[in-house]
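Before any comments, here is the structure.
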Amino acid sequence: VQTSYNPILGADGKPYKIIKFATDITAQQRKEADYTGQVAAVGRAMAVIEFELDGKVITANENFLTLFGYTIDEVRGRDRSIFAEASSDSAAKGHALWERLCHGEYDAGQYKKIGKDGKEIWIQASYNPILDGDGKPFKIIVFATDITAQLRASEALQLAVQQTQEVVKAAEAS
C-alpha cells in the first residue's frame, strides 16, 4: 500500500486531524518485480553492454567483460571501436550500423569483434535502441552470446567435408 498523511488545519492554523490516503499498489509492485526479474535473468545468461548514442560505453555486465577480457574501468567512457576490427571496411560497416541504431532501428545478427588481447570473438547479438517517452533513442543496449566455438566447429566441419570430397574425387579419377 502506498500512503500519504495529510494534516487538516483548523481556523487557527493548527492541525486538528490527519487524513490518510491509501492506494493498493500490489499489481504495480508485481509488474515491477517481473520486469526486474526478467532483466536480471537476461544479465545472468547473456553478455550485455550499454552505450551512449555517441558510442561511449556506459556499462557492461560481468559476462561481457569476461568474454572480452576487460574490467569495467577499462571500458566505461571508451568508444565502441575498441571492440571492432581496425580495417576500414569494418569501420564503415560499424558506422552505418550505428547510424541506423541512432535513428531508432533495431539490428541483429552475427558480428565479429576483437577482445582486449586481440582475440577474434564472434557474437550472436541484438543491438537495441532504447527510446525515451517521445520515442527518440537515448542509448543503445546490446545483448550478445559468444558463438566463436560454434563457428570454429562449423568451419572445421566444412573443411573436413571439402577434404573428403577431394579424396572421393581423387579415388574416382584413379
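Identifiers in the C-alpha cells: chain A, B, ... in order shown; residue index from 1 per chain; ligand index from 1 in order shown.
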For this session: Determine which residues of region 14-159 of chain A receive a DSSP assignment of helix (DSSP H, G or I), computed from the backbone, and state them as a PyMOL selection string.
Result: chain A and resi 26-45+62-68+72-75+80-83+88-102+148-159
Contacts between region 56-71 of chain A and region 112-164 of chain A, please, where a residue of region 112-164 of chain A counts if it comes within 8 Å (with only C-alpha atoms); show its shortest atom pair and distance in Å to one decimal, rows by chain and ascending number, as a tab-separated table.
residue	atom	partner	partner_atom	distance
A:Ile114	CA	A:Phe68	CA	7.4
A:Gly115	CA	A:Phe68	CA	4.4
A:Lys116	CA	A:Gly69	CA	5.4
A:Asp117	CA	A:Gly69	CA	7.2
A:Ile121	CA	A:Phe68	CA	7.8
A:Asp146	CA	A:Leu67	CA	7.6
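With CA of Tyr5 (chain A) on one side and CA of Thr23 (chain A) on the other, the separation reads 12.0 Å.
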For this session: Pick out the residues sitting within 12 Å of Lys136 (chain A), and hand them over as a ChimeraX atom specification; count only C-alpha atoms, and ignore anything fewer than 2 positions along from it in its own chain.
Result: /A:53,101-105,129-134,138-140
For this session: Could you give me, as a ChimeraX atom specification, each residue of chain A that DSSP assigns to strand (DSSP E) when run on this structure's backbone?
Result: /A:2-9,15-23,47-51,57-60,107-114,120-131,137-146
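The smallest atom-to-atom distance between Ile49 (chain A) and any of A:Phe83, A:Trp98, A:Tyr35, A:Tyr16, using only C-alpha atoms, is found for A:Phe83.
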Problem set entry | Contacts of Ala144 (chain A) within 7 Å, only C-alpha atoms, excl. fewer than 4 positions in-chain, as JSON, numbers by chain | {"A": [46, 47, 48, 123, 124, 125, 126]}
Any chance you can output those residues with all heavy atoms as a PDB file, in the first residue's frame?
ATOM      1  N   MET A  46      23.387 -13.683 -20.602  1.00  0.00           N
ATOM      2  CA  MET A  46      23.969 -13.065 -21.793  1.00  0.00           C
ATOM      3  C   MET A  46      25.023 -12.023 -21.432  1.00  0.00           C
ATOM      4  O   MET A  46      25.053 -11.510 -20.320  1.00  0.00           O
ATOM      5  CB  MET A  46      22.865 -12.394 -22.620  1.00  0.00           C
ATOM      6  CG  MET A  46      21.771 -13.346 -23.049  1.00  0.00           C
ATOM      7  SD  MET A  46      20.626 -12.583 -24.200  1.00  0.00           S
ATOM      8  CE  MET A  46      21.546 -12.825 -25.712  1.00  0.00           C
ATOM      9  N   ALA A  47      25.837 -11.707 -22.425  1.00  0.00           N
ATOM     10  CA  ALA A  47      26.762 -10.585 -22.321  1.00  0.00           C
ATOM     11  C   ALA A  47      25.971  -9.333 -22.705  1.00  0.00           C
ATOM     12  O   ALA A  47      25.318  -9.302 -23.742  1.00  0.00           O
ATOM     13  CB  ALA A  47      27.942 -10.784 -23.260  1.00  0.00           C
ATOM     14  N   VAL A  48      26.010  -8.313 -21.840  1.00  0.00           N
ATOM     15  CA  VAL A  48      25.208  -7.114 -22.063  1.00  0.00           C
ATOM     16  C   VAL A  48      26.109  -5.884 -21.920  1.00  0.00           C
ATOM     17  O   VAL A  48      26.900  -5.789 -20.981  1.00  0.00           O
ATOM     18  CB  VAL A  48      24.053  -7.018 -21.040  1.00  0.00           C
ATOM     19  CG1 VAL A  48      23.202  -5.774 -21.297  1.00  0.00           C
ATOM     20  CG2 VAL A  48      23.197  -8.277 -21.058  1.00  0.00           C
ATOM     21  N   ILE A 123      30.032 -12.971 -32.007  1.00  0.00           N
ATOM     22  CA  ILE A 123      28.849 -12.922 -31.156  1.00  0.00           C
ATOM     23  C   ILE A 123      27.583 -12.977 -32.000  1.00  0.00           C
ATOM     24  O   ILE A 123      27.567 -12.493 -33.134  1.00  0.00           O
ATOM     25  CB  ILE A 123      28.823 -11.655 -30.259  1.00  0.00           C
ATOM     26  CG1 ILE A 123      28.868 -10.366 -31.096  1.00  0.00           C
ATOM     27  CG2 ILE A 123      29.932 -11.697 -29.221  1.00  0.00           C
ATOM     28  CD1 ILE A 123      28.673  -9.075 -30.298  1.00  0.00           C
ATOM     29  N   GLN A 124      26.567 -13.612 -31.436  1.00  0.00           N
ATOM     30  CA  GLN A 124      25.200 -13.515 -31.951  1.00  0.00           C
ATOM     31  C   GLN A 124      24.582 -12.450 -31.081  1.00  0.00           C
ATOM     32  O   GLN A 124      24.536 -12.608 -29.855  1.00  0.00           O
ATOM     33  CB  GLN A 124      24.465 -14.845 -31.793  1.00  0.00           C
ATOM     34  CG  GLN A 124      23.030 -14.822 -32.258  1.00  0.00           C
ATOM     35  CD  GLN A 124      22.931 -14.816 -33.776  1.00  0.00           C
ATOM     36  OE1 GLN A 124      23.650 -15.527 -34.461  1.00  0.00           O
ATOM     37  NE2 GLN A 124      22.042 -14.006 -34.306  1.00  0.00           N
ATOM     38  N   ALA A 125      24.154 -11.341 -31.673  1.00  0.00           N
ATOM     39  CA  ALA A 125      23.741 -10.209 -30.851  1.00  0.00           C
ATOM     40  C   ALA A 125      22.555  -9.469 -31.426  1.00  0.00           C
ATOM     41  O   ALA A 125      22.286  -9.519 -32.626  1.00  0.00           O
ATOM     42  CB  ALA A 125      24.913  -9.233 -30.684  1.00  0.00           C
ATOM     43  N   SER A 126      21.876  -8.780 -30.527  1.00  0.00           N
ATOM     44  CA  SER A 126      20.847  -7.827 -30.939  1.00  0.00           C
ATOM     45  C   SER A 126      21.249  -6.459 -30.400  1.00  0.00           C
ATOM     46  O   SER A 126      21.643  -6.332 -29.242  1.00  0.00           O
ATOM     47  CB  SER A 126      19.464  -8.232 -30.430  1.00  0.00           C
ATOM     48  OG  SER A 126      19.402  -8.174 -29.033  1.00  0.00           O
TER      49      SER A 126
END
Can you pull out the residues contacting Ile18 (chain A)? Cut-off 12 Å, using only C-alpha atoms, and skip same-chain residues under 3 positions away; I want them as a CSV table (one decimal) with all heavy atoms, in the first residue's frame.
chain,number,residue,atom,x,y,z
A,4,SER,N,-0.3,8.4,2.0
A,4,SER,CA,0.1,9.7,2.3
A,4,SER,C,-0.7,10.2,3.4
A,4,SER,O,-1.9,9.9,3.5
A,4,SER,CB,0.0,10.7,1.1
A,4,SER,OG,-1.3,10.9,0.7
A,5,TYR,N,-0.1,10.9,4.3
A,5,TYR,CA,-0.8,11.5,5.5
A,5,TYR,C,-0.9,13.0,5.3
A,5,TYR,O,0.1,13.7,5.1
A,5,TYR,CB,0.0,11.1,6.8
A,5,TYR,CG,0.0,9.7,7.1
A,5,TYR,CD1,1.0,8.9,6.5
A,5,TYR,CD2,-1.0,9.1,7.8
A,5,TYR,CE1,1.0,7.5,6.8
A,5,TYR,CE2,-1.0,7.7,8.1
A,5,TYR,CZ,0.0,6.9,7.5
A,5,TYR,OH,0.0,5.6,7.8
A,6,ASN,N,-2.1,13.5,5.4
A,6,ASN,CA,-2.3,14.9,5.1
A,6,ASN,C,-3.0,15.6,6.3
A,6,ASN,O,-4.1,15.3,6.7
A,6,ASN,CB,-3.2,15.1,3.9
A,6,ASN,CG,-2.6,14.4,2.7
A,6,ASN,OD1,-1.7,14.9,2.1
A,6,ASN,ND2,-3.1,13.2,2.4
A,7,PRO,N,-2.3,16.6,6.9
A,7,PRO,CA,-2.9,17.3,8.1
A,7,PRO,C,-3.9,18.2,7.6
A,7,PRO,O,-3.8,18.9,6.6
A,7,PRO,CB,-1.7,18.0,8.7
A,7,PRO,CG,-0.7,18.1,7.6
A,7,PRO,CD,-0.9,17.0,6.7
A,8,ILE,N,-5.0,18.3,8.4
A,8,ILE,CA,-6.1,19.2,8.1
A,8,ILE,C,-6.0,20.3,9.2
A,8,ILE,O,-6.0,20.0,10.4
A,8,ILE,CB,-7.5,18.6,8.1
A,8,ILE,CG1,-7.5,17.4,7.1
A,8,ILE,CG2,-8.6,19.6,7.9
A,8,ILE,CD1,-7.3,17.8,5.7
A,9,LEU,N,-5.9,21.6,8.7
A,9,LEU,CA,-5.7,22.7,9.6
A,9,LEU,C,-7.0,23.3,10.0
A,9,LEU,O,-7.9,23.4,9.1
A,9,LEU,CB,-4.7,23.7,9.0
A,9,LEU,CG,-3.4,23.2,8.5
A,9,LEU,CD1,-2.6,24.3,7.8
A,9,LEU,CD2,-2.6,22.6,9.6
A,10,GLY,N,-7.1,23.7,11.2
A,10,GLY,CA,-8.3,24.4,11.7
A,10,GLY,C,-8.2,25.9,11.4
A,10,GLY,O,-7.2,26.4,10.8
A,14,LYS,N,-3.7,25.5,13.1
A,14,LYS,CA,-3.1,24.3,13.7
A,14,LYS,C,-3.8,23.0,13.2
A,14,LYS,O,-5.0,23.0,13.1
A,14,LYS,CB,-3.2,24.4,15.3
A,14,LYS,CG,-2.4,25.5,15.8
A,14,LYS,CD,-2.5,25.5,17.3
A,14,LYS,CE,-1.7,26.7,17.9
A,14,LYS,NZ,-1.7,26.8,19.3
A,15,PRO,N,-3.0,21.9,13.1
A,15,PRO,CA,-3.7,20.7,12.6
A,15,PRO,C,-4.7,20.2,13.7
A,15,PRO,O,-4.3,20.2,14.9
A,15,PRO,CB,-2.5,19.7,12.5
A,15,PRO,CG,-1.3,20.4,12.8
A,15,PRO,CD,-1.6,21.8,13.3
A,21,PHE,N,-4.6,8.8,3.0
A,21,PHE,CA,-5.0,8.3,1.7
A,21,PHE,C,-4.1,7.1,1.4
A,21,PHE,O,-2.9,7.2,1.5
A,21,PHE,CB,-4.8,9.4,0.6
A,21,PHE,CG,-5.7,10.6,0.7
A,21,PHE,CD1,-5.2,11.8,1.2
A,21,PHE,CD2,-7.0,10.5,0.3
A,21,PHE,CE1,-6.1,12.9,1.3
A,21,PHE,CE2,-7.9,11.6,0.4
A,21,PHE,CZ,-7.4,12.8,0.9
